[in-house]
Amino acid sequence: MRHIISVLLENESGALSRVAGLFSARSFNIESLSVAPSEDETTSRMTIVTSGNDNVIEQIVKQLDKLIDVIEVSEITSNEHLEREIAFVKINVNSIEKSMMEKISKNEFLKIHKTNNNEIIIECVDSPKNINIFLESINNIAEKIVRSGSVGINSN
């Protein structure tokens, strides 16, 4: 099962490699990883998406909590939460139908950015499930796809 783990850690060099090292040493896979400064400039929030049964996830959380740079660890998918990801898709303007352009421009989760070289970049911010659906619909005309990792927060 897919899980999102949120880690608040000291903003120190080597902290990311220690977390990644913990995963690789135990043969746990990181599906996506996102790190950015938190509300306190001395700390960062790391969002890790991984898979495993409840026992494996519990073990990961316990091991993360033992790392010296880690302040707080929580598995957020077991509670009400909000999860989002961003994807950019580069498309040649000539390969997209006008009806599809109109449909994209009316979608609240999609934004069109025009470039100077006969291409557009579509920005999609939504749940990973909805991004997958969108990417499947334009896969045959996409020249390049760039995705971020998921970020999430408990909503209760």
# chains A, B, ... in the order shown; residues from 1 in each chain; ligands from 1
>>> residues_around(residues="Glu123 of chain A", least_positions_apart="5", cutoff="7 Å", atoms="only C-alpha atoms", output="PyMOL selection string")
chain A and resi 87-89+110-112
>>> select_by_dssp(residues="chain A", states="strand (DSSP E or B)", output="number ranges by chain")
A: 2-10, 30-37, 43-51, 70-75, 81-92, 110-114, 119-126, 142-147, 151-154
>>> write_last_selection(atoms="C-alpha atoms", output="PDB file, in the first residue's frame")
ATOM      1  CA  ARG A   2       1.154   3.540  -0.799  1.00  0.00           C
ATOM      2  CA  HIS A   3       2.035   5.802   2.150  1.00  0.00           C
ATOM      3  CA  ILE A   4       3.118   9.409   2.594  1.00  0.00           C
ATOM      4  CA  ILE A   5       5.588  10.115   5.390  1.00  0.00           C
ATOM      5  CA  SER A   6       6.202  13.699   6.480  1.00  0.00           C
ATOM      6  CA  VAL A   7       9.548  14.404   8.145  1.00  0.00           C
ATOM      7  CA  LEU A   8      10.532  17.662   9.827  1.00  0.00           C
ATOM      8  CA  LEU A   9      14.299  17.814  10.055  1.00  0.00           C
ATOM      9  CA  GLU A  10      17.120  20.212  10.814  1.00  0.00           C
ATOM     10  CA  ILE A  30      11.324   5.846  -2.291  1.00  0.00           C
ATOM     11  CA  GLU A  31       8.659   6.484  -4.959  1.00  0.00           C
ATOM     12  CA  SER A  32       8.917  10.249  -4.654  1.00  0.00           C
ATOM     13  CA  LEU A  33      10.761  12.712  -2.470  1.00  0.00           C
ATOM     14  CA  SER A  34      10.156  16.403  -1.972  1.00  0.00           C
ATOM     15  CA  VAL A  35      12.136  18.678   0.346  1.00  0.00           C
ATOM     16  CA  ALA A  36      11.651  22.387   1.016  1.00  0.00           C
ATOM     17  CA  PRO A  37      12.121  24.866   3.854  1.00  0.00           C
ATOM     18  CA  THR A  43      14.177  23.275   9.444  1.00  0.00           C
ATOM     19  CA  SER A  44      12.987  21.582   6.272  1.00  0.00           C
ATOM     20  CA  ARG A  45       9.934  19.463   5.552  1.00  0.00           C
ATOM     21  CA  MET A  46      10.609  16.262   3.654  1.00  0.00           C
ATOM     22  CA  THR A  47       7.711  14.396   2.085  1.00  0.00           C
ATOM     23  CA  ILE A  48       8.454  10.781   1.205  1.00  0.00           C
ATOM     24  CA  VAL A  49       6.116   8.523  -0.760  1.00  0.00           C
ATOM     25  CA  THR A  50       6.822   4.830  -0.294  1.00  0.00           C
ATOM     26  CA  SER A  51       4.993   1.520  -0.345  1.00  0.00           C
ATOM     27  CA  VAL A  70      14.952  14.408  12.544  1.00  0.00           C
ATOM     28  CA  ILE A  71      12.639  16.496  14.736  1.00  0.00           C
ATOM     29  CA  GLU A  72       9.266  14.943  13.896  1.00  0.00           C
ATOM     30  CA  VAL A  73       7.961  12.079  11.742  1.00  0.00           C
ATOM     31  CA  SER A  74       4.375  11.306  10.824  1.00  0.00           C
ATOM     32  CA  GLU A  75       2.670   8.947   8.405  1.00  0.00           C
ATOM     33  CA  HIS A  81      -5.117  14.543   4.383  1.00  0.00           C
ATOM     34  CA  LEU A  82      -4.661  16.671   1.302  1.00  0.00           C
ATOM     35  CA  GLU A  83      -2.161  15.513  -1.317  1.00  0.00           C
ATOM     36  CA  ARG A  84      -1.017  17.356  -4.423  1.00  0.00           C
ATOM     37  CA  GLU A  85       1.588  17.025  -7.137  1.00  0.00           C
ATOM     38  CA  ILE A  86       2.570  19.241 -10.035  1.00  0.00           C
ATOM     39  CA  ALA A  87       3.271  18.194 -13.618  1.00  0.00           C
ATOM     40  CA  PHE A  88       4.497  20.213 -16.583  1.00  0.00           C
ATOM     41  CA  VAL A  89       3.809  18.937 -20.093  1.00  0.00           C
ATOM     42  CA  LYS A  90       5.463  20.463 -23.151  1.00  0.00           C
ATOM     43  CA  ILE A  91       3.425  20.164 -26.367  1.00  0.00           C
ATOM     44  CA  ASN A  92       3.917  21.488 -29.885  1.00  0.00           C
ATOM     45  CA  LEU A 110      -4.677  23.233 -15.618  1.00  0.00           C
ATOM     46  CA  LYS A 111      -2.842  26.367 -16.702  1.00  0.00           C
ATOM     47  CA  ILE A 112      -1.361  27.050 -20.146  1.00  0.00           C
ATOM     48  CA  HIS A 113       2.006  28.790 -20.531  1.00  0.00           C
ATOM     49  CA  LYS A 114       3.033  29.891 -24.022  1.00  0.00           C
ATOM     50  CA  GLU A 119       5.183  25.171 -27.979  1.00  0.00           C
ATOM     51  CA  ILE A 120       2.994  25.378 -24.923  1.00  0.00           C
ATOM     52  CA  ILE A 121       3.627  24.121 -21.429  1.00  0.00           C
ATOM     53  CA  ILE A 122       0.605  22.875 -19.539  1.00  0.00           C
ATOM     54  CA  GLU A 123       0.837  23.083 -15.770  1.00  0.00           C
ATOM     55  CA  CYS A 124      -1.299  20.604 -13.842  1.00  0.00           C
ATOM     56  CA  VAL A 125      -1.669  20.745 -10.055  1.00  0.00           C
ATOM     57  CA  ASP A 126      -3.874  17.984  -8.691  1.00  0.00           C
ATOM     58  CA  ALA A 142       3.402  15.225 -25.153  1.00  0.00           C
ATOM     59  CA  GLU A 143       6.989  16.073 -26.080  1.00  0.00           C
ATOM     60  CA  LYS A 144       8.237  16.203 -22.496  1.00  0.00           C
ATOM     61  CA  ILE A 145       6.693  15.495 -19.088  1.00  0.00           C
ATOM     62  CA  VAL A 146       8.168  16.678 -15.791  1.00  0.00           C
ATOM     63  CA  ARG A 147       6.572  15.710 -12.469  1.00  0.00           C
ATOM     64  CA  VAL A 151       3.361  16.778  -0.957  1.00  0.00           C
ATOM     65  CA  GLY A 152       0.724  16.306   1.673  1.00  0.00           C
ATOM     66  CA  ILE A 153      -0.649  17.646   4.915  1.00  0.00           C
ATOM     67  CA  ASN A 154      -3.094  16.301   7.467  1.00  0.00           C
TER      68      ASN A 154
END
>>> atom_distance(atom1="atom CA of Ile138 of chain A", atom2="atom CA of Asn116 of chain A")
21.3 Å
>>> select_by_dssp(residues="segment 49-136 of chain A", states="alpha helix (DSSP H)", output="PDB file with N, CA and C atoms, in the first residue's frame")
ATOM      1  N   ASP A  54       1.584  -2.162   6.771  1.00  0.00           N
ATOM      2  CA  ASP A  54       1.596  -1.322   7.969  1.00  0.00           C
ATOM      3  C   ASP A  54       2.820  -1.580   8.847  1.00  0.00           C
ATOM      4  N   ASN A  55       3.258  -2.836   8.935  1.00  0.00           N
ATOM      5  CA  ASN A  55       4.436  -3.160   9.748  1.00  0.00           C
ATOM      6  C   ASN A  55       5.705  -2.524   9.184  1.00  0.00           C
ATOM      7  N   VAL A  56       5.858  -2.567   7.858  1.00  0.00           N
ATOM      8  CA  VAL A  56       7.021  -1.971   7.203  1.00  0.00           C
ATOM      9  C   VAL A  56       7.021  -0.463   7.424  1.00  0.00           C
ATOM     10  N   ILE A  57       5.870   0.179   7.231  1.00  0.00           N
ATOM     11  CA  ILE A  57       5.778   1.636   7.398  1.00  0.00           C
ATOM     12  C   ILE A  57       6.058   2.024   8.847  1.00  0.00           C
ATOM     13  N   GLU A  58       5.533   1.258   9.778  1.00  0.00           N
ATOM     14  CA  GLU A  58       5.790   1.524  11.199  1.00  0.00           C
ATOM     15  C   GLU A  58       7.293   1.441  11.485  1.00  0.00           C
ATOM     16  N   GLN A  59       7.950   0.463  10.897  1.00  0.00           N
ATOM     17  CA  GLN A  59       9.405   0.308  11.065  1.00  0.00           C
ATOM     18  C   GLN A  59      10.154   1.497  10.464  1.00  0.00           C
ATOM     19  N   ILE A  60       9.739   1.936   9.270  1.00  0.00           N
ATOM     20  CA  ILE A  60      10.375   3.095   8.633  1.00  0.00           C
ATOM     21  C   ILE A  60      10.237   4.324   9.523  1.00  0.00           C
ATOM     22  N   VAL A  61       9.033   4.569  10.026  1.00  0.00           N
ATOM     23  CA  VAL A  61       8.791   5.745  10.872  1.00  0.00           C
ATOM     24  C   VAL A  61       9.668   5.686  12.124  1.00  0.00           C
ATOM     25  N   LYS A  62       9.754   4.534  12.759  1.00  0.00           N
ATOM     26  CA  LYS A  62      10.590   4.385  13.962  1.00  0.00           C
ATOM     27  C   LYS A  62      12.062   4.630  13.648  1.00  0.00           C
ATOM     28  N   GLN A  63      12.534   4.085  12.523  1.00  0.00           N
ATOM     29  CA  GLN A  63      13.935   4.273  12.142  1.00  0.00           C
ATOM     30  C   GLN A  63      14.232   5.738  11.801  1.00  0.00           C
ATOM     31  N   LEU A  64      13.303   6.388  11.093  1.00  0.00           N
ATOM     32  CA  LEU A  64      13.482   7.807  10.780  1.00  0.00           C
ATOM     33  C   LEU A  64      13.548   8.644  12.046  1.00  0.00           C
ATOM     34  N   ASP A  65      12.692   8.325  12.992  1.00  0.00           N
ATOM     35  CA  ASP A  65      12.621   9.087  14.243  1.00  0.00           C
ATOM     36  C   ASP A  65      13.920   8.989  15.048  1.00  0.00           C
ATOM     37  N   LYS A  66      14.717   7.949  14.807  1.00  0.00           N
ATOM     38  CA  LYS A  66      15.989   7.773  15.522  1.00  0.00           C
ATOM     39  C   LYS A  66      17.126   8.600  14.918  1.00  0.00           C
ATOM     40  N   LYS A  98      -7.911  22.108 -31.385  1.00  0.00           N
ATOM     41  CA  LYS A  98      -8.516  23.307 -30.809  1.00  0.00           C
ATOM     42  C   LYS A  98      -9.519  22.953 -29.701  1.00  0.00           C
ATOM     43  N   SER A  99     -10.286  21.902 -29.904  1.00  0.00           N
ATOM     44  CA  SER A  99     -11.271  21.500 -28.888  1.00  0.00           C
ATOM     45  C   SER A  99     -10.592  21.079 -27.582  1.00  0.00           C
ATOM     46  N   MET A 100      -9.442  20.423 -27.727  1.00  0.00           N
ATOM     47  CA  MET A 100      -8.711  20.030 -26.523  1.00  0.00           C
ATOM     48  C   MET A 100      -8.131  21.254 -25.814  1.00  0.00           C
ATOM     49  N   MET A 101      -7.648  22.232 -26.574  1.00  0.00           N
ATOM     50  CA  MET A 101      -7.129  23.476 -25.985  1.00  0.00           C
ATOM     51  C   MET A 101      -8.220  24.179 -25.197  1.00  0.00           C
ATOM     52  N   GLU A 102      -9.423  24.222 -25.750  1.00  0.00           N
ATOM     53  CA  GLU A 102     -10.538  24.871 -25.053  1.00  0.00           C
ATOM     54  C   GLU A 102     -10.878  24.122 -23.767  1.00  0.00           C
ATOM     55  N   LYS A 103     -10.879  22.806 -23.847  1.00  0.00           N
ATOM     56  CA  LYS A 103     -11.173  21.991 -22.672  1.00  0.00           C
ATOM     57  C   LYS A 103     -10.112  22.215 -21.583  1.00  0.00           C
ATOM     58  N   ILE A 104      -8.858  22.273 -21.980  1.00  0.00           N
ATOM     59  CA  ILE A 104      -7.767  22.500 -21.028  1.00  0.00           C
ATOM     60  C   ILE A 104      -7.881  23.884 -20.400  1.00  0.00           C
ATOM     61  N   SER A 105      -8.180  24.884 -21.213  1.00  0.00           N
ATOM     62  CA  SER A 105      -8.248  26.249 -20.686  1.00  0.00           C
ATOM     63  C   SER A 105      -9.402  26.449 -19.705  1.00  0.00           C
ATOM     64  N   LYS A 106     -10.404  25.579 -19.746  1.00  0.00           N
ATOM     65  CA  LYS A 106     -11.547  25.693 -18.828  1.00  0.00           C
ATOM     66  C   LYS A 106     -11.364  24.864 -17.554  1.00  0.00           C
ATOM     67  N   PRO A 128      -2.211  12.884  -7.482  1.00  0.00           N
ATOM     68  CA  PRO A 128      -1.486  12.014  -8.412  1.00  0.00           C
ATOM     69  C   PRO A 128      -2.417  11.193  -9.309  1.00  0.00           C
ATOM     70  N   LYS A 129      -3.537  10.740  -8.775  1.00  0.00           N
ATOM     71  CA  LYS A 129      -4.495   9.968  -9.568  1.00  0.00           C
ATOM     72  C   LYS A 129      -5.019  10.790 -10.745  1.00  0.00           C
ATOM     73  N   ASN A 130      -5.416  12.035 -10.485  1.00  0.00           N
ATOM     74  CA  ASN A 130      -5.943  12.890 -11.554  1.00  0.00           C
ATOM     75  C   ASN A 130      -4.855  13.310 -12.535  1.00  0.00           C
ATOM     76  N   ILE A 131      -3.644  13.494 -12.046  1.00  0.00           N
ATOM     77  CA  ILE A 131      -2.535  13.805 -12.960  1.00  0.00           C
ATOM     78  C   ILE A 131      -2.290  12.623 -13.891  1.00  0.00           C
ATOM     79  N   ASN A 132      -2.343  11.407 -13.360  1.00  0.00           N
ATOM     80  CA  ASN A 132      -2.174  10.226 -14.214  1.00  0.00           C
ATOM     81  C   ASN A 132      -3.237  10.165 -15.308  1.00  0.00           C
ATOM     82  N   ILE A 133      -4.473  10.462 -14.943  1.00  0.00           N
ATOM     83  CA  ILE A 133      -5.571  10.469 -15.921  1.00  0.00           C
ATOM     84  C   ILE A 133      -5.311  11.517 -16.996  1.00  0.00           C
ATOM     85  N   PHE A 134      -4.914  12.722 -16.580  1.00  0.00           N
ATOM     86  CA  PHE A 134      -4.617  13.792 -17.541  1.00  0.00           C
ATOM     87  C   PHE A 134      -3.467  13.397 -18.462  1.00  0.00           C
ATOM     88  N   LEU A 135      -2.396  12.846 -17.892  1.00  0.00           N
ATOM     89  CA  LEU A 135      -1.233  12.476 -18.709  1.00  0.00           C
ATOM     90  C   LEU A 135      -1.564  11.379 -19.711  1.00  0.00           C
ATOM     91  N   GLU A 136      -2.421  10.453 -19.333  1.00  0.00           N
ATOM     92  CA  GLU A 136      -2.856   9.417 -20.281  1.00  0.00           C
ATOM     93  C   GLU A 136      -3.606  10.038 -21.459  1.00  0.00           C
TER      94      GLU A 136
END
>>> closest_residue(among="A:Asn118, A:Glu80, A:Glu108, A:Leu67", to="Gly14 of chain A", atoms="only C-alpha atoms")
A:Leu67
>>> atom_distance(atom1="atom CA of Leu16 of chain A", atom2="atom CA of Asp40 of chain A")
17.3 Å
>>> atom_distance(atom1="atom CA of Ile68 of chain A", atom2="atom CA of Glu41 of chain A")
18.1 Å
>>> closest_residue(among="A:Asp69, A:Ser95, A:Asn11, A:Ser127", to="Phe109 of chain A", atoms="only C-alpha atoms")
A:Ser127
